[in-house]
file my_file_37.txt (compact mmCIF, C-alpha atoms)
# COMPACT_ATOMS: atom_id res chain seq x y z
CA MET A 27 108.77 118.26 107.40
CA THR A 28 105.69 116.66 105.88
CA LEU A 29 102.02 116.16 106.49
CA SER A 30 102.47 112.37 106.34
CA THR A 31 104.97 112.51 109.21
CA ALA A 32 102.55 114.55 111.28
CA LEU A 33 99.71 112.12 110.59
CA LYS A 34 101.87 109.13 111.59
CA THR A 35 103.31 110.65 114.76
CA GLY A 36 100.72 113.22 115.80
CA ASP A 37 103.55 115.78 115.99
CA LEU A 38 102.30 119.10 114.64
CA THR A 39 105.83 120.48 114.54
CA ALA A 40 106.45 118.13 111.60
CA LEU A 41 104.06 120.19 109.50
CA PRO A 42 105.61 122.53 106.94
CA SER A 43 105.17 126.23 107.63
CA ARG A 44 105.77 129.57 105.97
CA ARG A 45 109.33 129.46 107.32
CA ASP A 46 110.01 126.68 104.81
CA GLU A 47 110.82 128.41 101.52
CA ASP A 48 109.02 125.86 99.35
CA TRP A 49 105.93 126.04 101.61
CA ARG A 50 105.77 129.74 102.41
CA TRP A 51 102.51 130.23 100.49
CA THR A 52 100.91 126.98 101.70
CA ASP A 53 101.31 127.15 105.45
CA LEU A 54 99.95 124.04 107.16
CA ARG A 55 101.37 124.53 110.63
CA GLY A 56 99.61 127.86 111.06
CA LEU A 57 96.31 126.35 109.94
CA LEU A 58 96.17 122.94 111.64
CA ARG A 59 95.99 123.31 115.40
CA VAL A 60 94.68 119.79 116.04
CA LEU A 61 94.94 116.73 113.84
CA PRO A 62 91.58 115.05 113.26
CA PRO A 63 91.16 111.37 114.18
CA ALA A 64 91.99 108.68 111.67
CA ALA A 65 89.26 107.97 109.17
CA PRO A 66 87.35 104.71 109.77
CA ALA A 67 87.12 101.89 107.28
CA HIS A 68 84.26 102.18 104.81
CA ASP A 69 82.12 99.14 104.08
CA GLY A 70 79.33 100.66 102.01
CA GLU A 71 78.93 101.39 98.34
CA ILE A 72 81.24 103.78 96.56
CA PRO A 73 79.91 106.16 93.91
CA ALA A 74 81.40 105.95 90.45
CA GLY A 75 84.46 108.03 89.71
CA PRO A 76 84.83 110.69 87.00
CA PHE A 77 86.72 108.34 84.64
CA ALA A 78 84.53 105.27 85.24
CA ASP A 79 83.70 104.63 81.59
CA LEU A 80 87.26 104.97 80.30
CA ALA A 81 89.36 102.60 82.39
CA SER A 82 89.72 98.86 81.98
CA ILE A 83 91.12 98.52 85.52
CA GLU A 84 90.33 100.53 88.64
CA THR A 85 92.38 100.84 91.82
CA VAL A 86 90.48 102.49 94.68
CA PHE A 87 91.53 103.91 98.02
CA VAL A 88 88.75 104.94 100.40
CA ASN A 89 89.58 106.86 103.57
CA GLY A 90 93.23 106.01 102.97
CA ARG A 91 92.69 102.25 102.63
CA ARG A 92 93.04 100.31 99.43
CA ILE A 93 89.85 98.38 98.82
CA ALA A 94 90.03 97.32 95.17
CA GLY A 95 92.31 96.96 92.21
CA ALA A 96 94.99 94.84 90.64
CA GLU A 97 98.68 95.68 90.30
CA ALA A 98 98.33 97.06 86.80
CA ALA A 99 100.74 99.51 85.18
CA SER A 100 99.79 99.29 81.51
CA GLY A 101 96.71 100.05 79.46
CA VAL A 102 94.13 102.50 80.82
CA VAL A 103 93.99 102.45 84.62
CA ALA A 104 91.81 104.53 86.94
CA LEU A 105 93.40 105.39 90.29
CA ARG A 106 90.94 106.82 92.81
CA PHE A 107 91.45 108.38 96.23
CA VAL A 108 88.06 108.90 97.85
CA ALA A 109 87.36 110.72 101.13
CA LEU A 110 84.09 109.61 102.72
CA ALA A 111 84.70 110.43 106.41
CA GLU A 112 84.03 113.93 107.72
CA LYS A 113 86.59 115.74 109.87
CA ALA A 114 88.94 112.76 109.73
CA SER A 115 92.50 112.19 108.54
CA GLN A 116 93.66 109.72 105.93
CA ALA A 117 96.94 108.81 104.27
CA ALA A 118 97.68 106.57 101.30
CA ASN A 119 100.80 105.36 99.50
CA HIS A 120 100.90 103.77 96.08
CA ALA A 121 103.69 102.66 93.75
CA LEU A 122 103.60 102.04 90.02
CA VAL A 123 106.32 100.40 87.93
CA VAL A 124 105.85 100.75 84.18
CA LYS A 125 107.95 98.13 82.42
CA PRO A 126 110.21 99.00 79.47
CA GLY A 127 108.26 99.61 76.29
CA GLU A 128 104.86 99.56 78.02
CA THR A 129 102.19 102.27 77.68
CA LEU A 130 100.09 103.50 80.63
CA VAL A 131 97.26 106.03 80.75
CA LEU A 132 96.72 106.81 84.43
CA LEU A 133 93.35 108.45 85.14
CA GLU A 134 93.79 109.68 88.69
CA SER A 135 91.02 111.27 90.72
CA HIS A 136 90.91 112.74 94.22
CA GLU A 137 87.29 112.80 95.28
CA GLY A 138 86.24 114.78 98.34
CA ARG A 139 82.83 113.43 99.25
CA ALA A 140 82.96 114.51 102.91
CA ALA A 141 83.64 117.76 104.76
CA GLY A 142 86.72 118.99 106.59
CA TYR A 143 89.03 115.99 106.07
CA VAL A 144 92.83 115.96 106.04
CA SER A 145 94.41 113.82 103.32
CA ASP A 146 97.97 112.94 102.37
CA VAL A 147 98.73 110.86 99.26
CA THR A 148 102.20 109.75 98.18
CA LEU A 149 102.92 108.18 94.80
CA ASP A 150 106.09 106.60 93.44
CA ILE A 151 106.13 106.14 89.67
CA ALA A 152 108.97 104.42 87.82
CA VAL A 153 108.87 104.58 84.03
CA GLY A 154 111.03 102.03 82.25
CA GLU A 155 113.20 102.50 79.18
CA GLY A 156 111.15 103.48 76.16
CA ALA A 157 107.90 103.33 78.17
CA SER A 158 105.15 105.95 77.93
CA VAL A 159 102.90 107.36 80.67
CA GLU A 160 100.13 109.92 80.47
CA ARG A 161 98.81 110.89 83.89
CA ILE A 162 95.62 112.97 84.09
CA ILE A 163 94.80 114.14 87.63
CA LEU A 164 91.35 115.50 88.46
CA VAL A 165 91.14 116.91 91.99
CA GLU A 166 87.77 117.86 93.47
CA ASP A 167 88.23 118.48 97.17
CA ASP A 168 85.74 119.72 99.71
CA ALA A 169 86.04 123.48 100.31
CA GLU A 170 87.14 122.88 103.94
CA ALA A 171 89.55 120.03 103.21
CA ILE A 172 93.32 119.92 103.50
CA ASN A 173 94.93 117.75 100.85
CA VAL A 174 98.57 117.13 99.90
CA VAL A 175 99.43 114.91 96.91
CA THR A 176 103.12 114.20 96.28
CA ALA A 177 104.48 112.19 93.36
CA GLU A 178 108.08 111.13 92.80
CA VAL A 179 108.65 110.12 89.17
CA ASP A 180 111.79 108.31 87.98
CA LEU A 181 112.34 108.12 84.23
CA ALA A 182 114.60 105.73 82.36
CA PRO A 183 116.32 106.66 79.08
CA GLY A 184 113.92 107.13 76.19
CA ALA A 185 110.86 107.25 78.47
CA THR A 186 107.95 109.64 77.90
CA TYR A 187 105.95 111.15 80.75
CA ALA A 188 103.00 113.51 80.26
CA GLN A 189 100.92 114.96 83.09
CA THR A 190 97.91 117.26 83.39
CA VAL A 191 96.52 118.43 86.74
CA LEU A 192 93.02 119.90 86.92
CA THR A 193 91.92 121.26 90.27
CA SER A 194 89.37 123.52 91.94
CA GLY A 195 91.34 123.84 95.19
CA ALA A 196 90.48 123.32 98.86
CA ARG A 197 91.02 125.10 102.15
CA ARG A 198 94.66 124.14 101.66
CA GLN A 199 95.79 122.02 98.75
CA ARG A 200 99.17 121.17 97.29
CA ILE A 201 99.79 118.96 94.26
CA GLU A 202 103.52 118.38 94.04
CA THR A 203 105.39 116.47 91.33
CA ARG A 204 109.12 115.75 91.37
CA ILE A 205 110.66 114.27 88.25
CA ASN A 206 114.10 112.71 87.96
CA HIS A 207 114.91 113.24 84.29
CA PRO A 208 117.80 111.20 82.87
CA GLY A 209 118.12 113.12 79.62
CA ALA A 210 118.91 110.36 77.11
CA HIS A 211 116.06 111.38 74.79
CA ALA A 212 113.45 111.10 77.57
CA GLN A 213 110.57 113.58 77.22
CA VAL A 214 108.36 115.27 79.80
CA ARG A 215 105.17 117.31 79.44
CA LEU A 216 104.02 118.82 82.72
CA ASP A 217 100.75 120.81 82.60
CA GLY A 218 98.15 122.15 84.98
CA VAL A 219 94.85 124.02 85.29
CA TYR A 220 93.49 125.60 88.46
CA LEU A 221 90.05 127.23 88.70
CA LEU A 222 89.47 128.74 92.12
CA ASP A 223 86.65 130.67 93.75
CA GLY A 224 85.39 131.35 97.28
CA GLN A 225 88.28 131.04 99.69
CA ARG A 226 89.87 128.04 98.01
CA HIS A 227 93.60 127.58 97.78
CA ALA A 228 95.59 125.50 95.28
CA ASP A 229 99.36 125.06 95.11
CA GLN A 230 100.91 123.37 92.07
CA THR A 231 104.59 122.73 92.76
CA THR A 232 106.91 120.92 90.36
CA VAL A 233 110.60 120.11 90.29
CA VAL A 234 112.24 118.59 87.21
CA THR A 235 115.91 117.66 87.56
CA HIS A 236 117.73 117.01 84.28
CA ALA A 237 120.70 114.78 85.03
CA GLY A 238 121.92 113.84 81.56
CA VAL A 239 122.37 114.90 77.95
CA ASP A 240 119.50 115.33 75.47
CA GLY A 241 116.42 115.73 77.65
CA ILE A 242 113.19 117.59 76.83
CA THR A 243 110.71 119.22 79.22
CA SER A 244 107.65 121.25 78.18
CA GLN A 245 105.52 122.78 80.92
CA LEU A 246 102.34 124.87 80.70
CA THR A 247 100.11 125.86 83.63
CA LYS A 248 97.10 128.17 83.42
CA GLY A 249 94.82 129.31 86.21
CA MET A 250 91.97 131.55 87.28
CA VAL A 251 91.20 132.95 90.74
CA ALA A 252 88.04 134.76 91.80
CA ASP A 253 86.49 135.99 95.05
CA GLN A 254 89.10 135.52 97.83
CA ALA A 255 90.84 132.50 96.32
CA ARG A 256 94.60 132.00 96.19
CA GLY A 257 96.59 130.23 93.51
CA VAL A 258 100.22 129.18 93.92
CA PHE A 259 102.54 128.04 91.17
CA GLN A 260 106.09 126.95 91.90
CA GLY A 261 107.96 125.44 88.97
CA ARG A 262 111.62 124.59 89.13
CA ILE A 263 113.71 123.10 86.35
CA VAL A 264 117.24 122.11 87.29
CA VAL A 265 119.81 121.43 84.58
CA SER A 266 122.63 119.59 86.30
CA PRO A 267 126.31 119.82 85.30
CA GLY A 268 126.85 117.74 82.17
CA ALA A 269 123.17 117.81 81.13
CA ASP A 270 124.04 119.50 77.84
CA GLN A 271 121.56 119.88 74.97
CA THR A 272 118.66 120.07 77.42
CA ASP A 273 115.56 121.68 75.92
CA ALA A 274 113.29 122.97 78.72
CA ARG A 275 110.33 125.36 78.42
CA MET A 276 108.08 126.54 81.25
CA GLY A 277 105.04 128.80 81.09
CA HIS A 278 102.61 129.95 83.78
CA HIS A 279 99.75 132.28 82.89
CA ALA A 280 96.84 133.26 85.14
CA LEU A 281 93.76 135.45 85.41
CA ILE A 282 92.71 137.38 88.52
CA LEU A 283 88.99 138.16 88.48
CA SER A 284 88.71 139.83 91.89
CA ASP A 285 90.58 142.51 93.83
CA LYS A 286 90.66 140.17 96.83
CA ALA A 287 92.04 137.16 94.98
CA GLU A 288 95.76 136.38 94.94
CA ILE A 289 98.30 134.52 92.81
CA ASP A 290 101.84 133.74 93.93
CA ALA A 291 104.12 132.47 91.18
CA LYS A 292 107.74 131.40 91.31
CA PRO A 293 109.09 129.94 88.05
CA GLU A 294 112.75 128.97 88.32
CA LEU A 295 115.47 127.78 85.95
CA LEU A 296 118.65 126.58 87.66
CA ILE A 297 121.15 125.92 84.89
CA PHE A 298 124.57 124.41 85.54
CA ALA A 299 125.38 123.39 81.95
CA ASP A 300 126.38 125.50 78.95
CA ASP A 301 124.91 124.02 75.78
CA VAL A 302 121.18 124.25 76.61
CA SER A 303 117.99 125.82 75.30
CA CYS A 304 115.84 126.90 78.25
CA ALA A 305 113.17 129.55 78.77
CA HIS A 306 110.33 130.44 81.11
CA GLY A 307 107.44 132.87 81.03
CA ASN A 308 104.99 134.13 83.64
CA THR A 309 102.00 136.44 83.12
CA ILE A 310 99.20 137.44 85.48
CA GLY A 311 96.38 139.73 84.42
CA ALA A 312 92.66 140.24 83.94
CA LEU A 313 90.21 139.33 81.21
CA ASP A 314 90.19 141.52 78.12
CA GLU A 315 87.51 144.16 78.79
CA GLU A 316 87.22 144.90 75.09
CA ALA A 317 86.43 141.26 74.34
CA ILE A 318 83.80 141.27 77.10
CA PHE A 319 82.31 144.46 75.64
CA TYR A 320 82.01 142.98 72.16
CA ALA A 321 80.43 139.81 73.54
CA ARG A 322 77.84 141.87 75.40
CA GLN A 323 77.16 143.85 72.22
CA ARG A 324 76.20 140.52 70.67
CA GLY A 325 73.70 139.83 73.41
CA ILE A 326 75.85 137.55 75.56
CA PRO A 327 75.40 138.27 79.31
CA GLU A 328 78.54 139.49 81.08
CA LEU A 329 78.98 136.43 83.33
CA GLU A 330 78.57 134.10 80.39
CA ALA A 331 81.03 136.12 78.34
CA LYS A 332 83.63 135.95 81.12
CA ALA A 333 83.11 132.19 81.43
CA MET A 334 83.55 131.69 77.68
CA LEU A 335 86.75 133.74 77.62
CA THR A 336 88.17 131.83 80.59
CA VAL A 337 87.30 128.48 78.99
CA ALA A 338 89.18 129.58 75.88
CA PHE A 339 92.11 130.77 78.00
CA VAL A 340 92.66 127.44 79.78
CA GLY A 341 91.63 125.43 76.73
CA GLU A 342 95.20 125.41 75.43
CA VAL A 343 96.20 123.18 78.35
CA VAL A 344 93.19 120.88 77.97
CA GLU A 345 93.92 120.42 74.26
CA ARG A 346 97.38 119.07 75.09
CA ILE A 347 95.82 116.01 76.77
CA GLU A 348 96.48 113.14 74.38
CA HIS A 349 93.85 110.61 75.53
CA GLU A 350 90.67 111.62 73.73
CA GLY A 351 88.20 110.44 76.38
CA ALA A 352 90.12 112.11 79.20
CA ARG A 353 90.41 115.29 77.14
CA GLU A 354 86.62 115.39 76.70
CA ILE A 355 86.05 114.85 80.42
CA ALA A 356 88.55 117.62 81.23
CA ALA A 357 86.85 120.03 78.83
CA THR A 358 83.44 119.26 80.33
CA TRP A 359 84.84 119.73 83.85
CA VAL A 360 86.30 123.14 82.94
CA ALA A 361 83.04 124.30 81.37
CA ARG A 362 81.03 123.14 84.40
CA LYS A 363 83.36 124.83 86.88
CA LEU A 364 83.14 128.10 84.97
CA GLY A 365 79.43 127.95 84.28
CA SER A 366 79.98 128.04 80.54
CA PRO A 367 77.42 126.58 78.13
CA THR A 368 80.24 125.32 75.87

call {"tool": "encode", "arguments": {"input": "my_file_37.txt", "output": "structure tokens"}}
result
Amino acid sequence: MTLSTALKTGDLTALPSRRDEDWRWTDLRGLLRVLPPAAPAHDGEIPAGPFADLASIETVFVNGRRIAGAEAASGVVALRFVALAEKASQAANHALVVKPGETLVLLESHEGRAAGYVSDVTLDIAVGEGASVERIILVEDDAEAINVVTAEVDLAPGATYAQTVLTSGARRQRIETRINHPGAHAQVRLDGVYLLDGQRHADQTTVVTHAGVDGITSQLTKGMVADQARGVFQGRIVVSPGADQTDARMGHHALILSDKAEIDAKPELLIFADDVSCAHGNTIGALDEEAIFYARQRGIPELEAKAMLTVAFVGEVVERIEHEGAREIAATWVARKLGSPT
């Protein structure tokens, strides 16, 4: 049951619903009563993306259609998915094969520049032996949009894959990453930030399956919800039989800044091997009132103090971004979303 199937066939029963365990907090079938028409082709100019000054190559999809870009899977590459048609549906598929020993920085952006669209994006990423990928995903959807982004990542022995998702949500939004981890000294870092207000919804779902000996996974997600927003975190790490000496760490930590906001978190470790080192942590709370009090005593307005504390809270994730230019853009994005002067 997927959104892409529904968009291809027009069959609303193909949409996932709350009856599906992995989709119970991101119900699409109960929300979408009619699928909007397919988005038209776009022939006009396209505004610059958030990573425009960093990438040497840019691949662009507009309204679900690829309009520019070479088949590049090394160096610094911008990958853009732009929605420019209101109340329309779009779907895009893209595959990347990173050759053994190559290095790729993938600067991925999902840019909602229209209202009320439905978008489905599917990515297949294969990372060769000893290759390295850092994927930074900046998602800025329209408040009334529905957007599902699904990535399937296959790692070869000795590969390194690092990912950071930054999102402000949508009417319904799900960013899902599934990683096939071979062990064999491959390493994964899987991070995320969600900053939600209004009635926005963001679902970050990850599944990492360790299939072999000597694999490492480090995962850290931090979020903030205000007003009537809803954040969803589902993280699953599977250690298969025989995947001994796996080292897997998962952390999800979030702030609720409103009595009407909601966070649903489901961290999971499924371990079928004996000689492993695995742990997960999950905390949900409010900002430190004492810290806010001391900031106000120093003449900092309450809203500004809350923004500064939240920036510091999610800053740990931003600092883990390795590409300096992308890290600066992420820090600026966080500060802008929170209204912080820093």

call {"tool": "closest_residue", "arguments": {"input": "my_file_37.txt", "among": "A:Val131, A:Val360, A:Ala114, A:Ile205", "to": "A:Val144", "atoms": "only C-alpha atoms"}}
result
A:Ala114

call {"tool": "closest_residue", "arguments": {"input": "my_file_37.txt", "among": "A:Gln245, A:Gln271, A:Thr336, A:Asn119", "to": "A:Val175", "atoms": "all atoms listed in the file"}}
result
A:Asn119

call {"tool": "atom_distance", "arguments": {"input": "my_file_37.txt", "atom1": "atom CA of A:Val124", "atom2": "atom CA of A:Ala152"}}
result
6.0 Å

call {"tool": "residues_near_point", "arguments": {"input": "my_file_37.txt", "point": "(88.1, 111.7, 80.3)", "cutoff": "10 Å", "atoms": "only C-alpha atoms", "output": "PyMOL selection string"}}
result
chain A and resi 76-81+133+162+164+347+349-359

call {"tool": "atom_distance", "arguments": {"input": "my_file_37.txt", "atom1": "atom CA of A:Pro267", "atom2": "atom CA of A:Asp180"}}
result
18.7 Å

call {"tool": "atom_distance", "arguments": {"input": "my_file_37.txt", "atom1": "atom CA of A:Val233", "atom2": "atom CA of A:Gly249"}}
result
18.7 Å

call {"tool": "residues_around", "arguments": {"input": "my_file_37.txt", "residues": "A:Glu84", "least_positions_apart": "4", "cutoff": "12 Å", "atoms": "only C-alpha atoms", "output": "ChimeraX atom specification"}}
result
/A:74-80,92-107,131-135
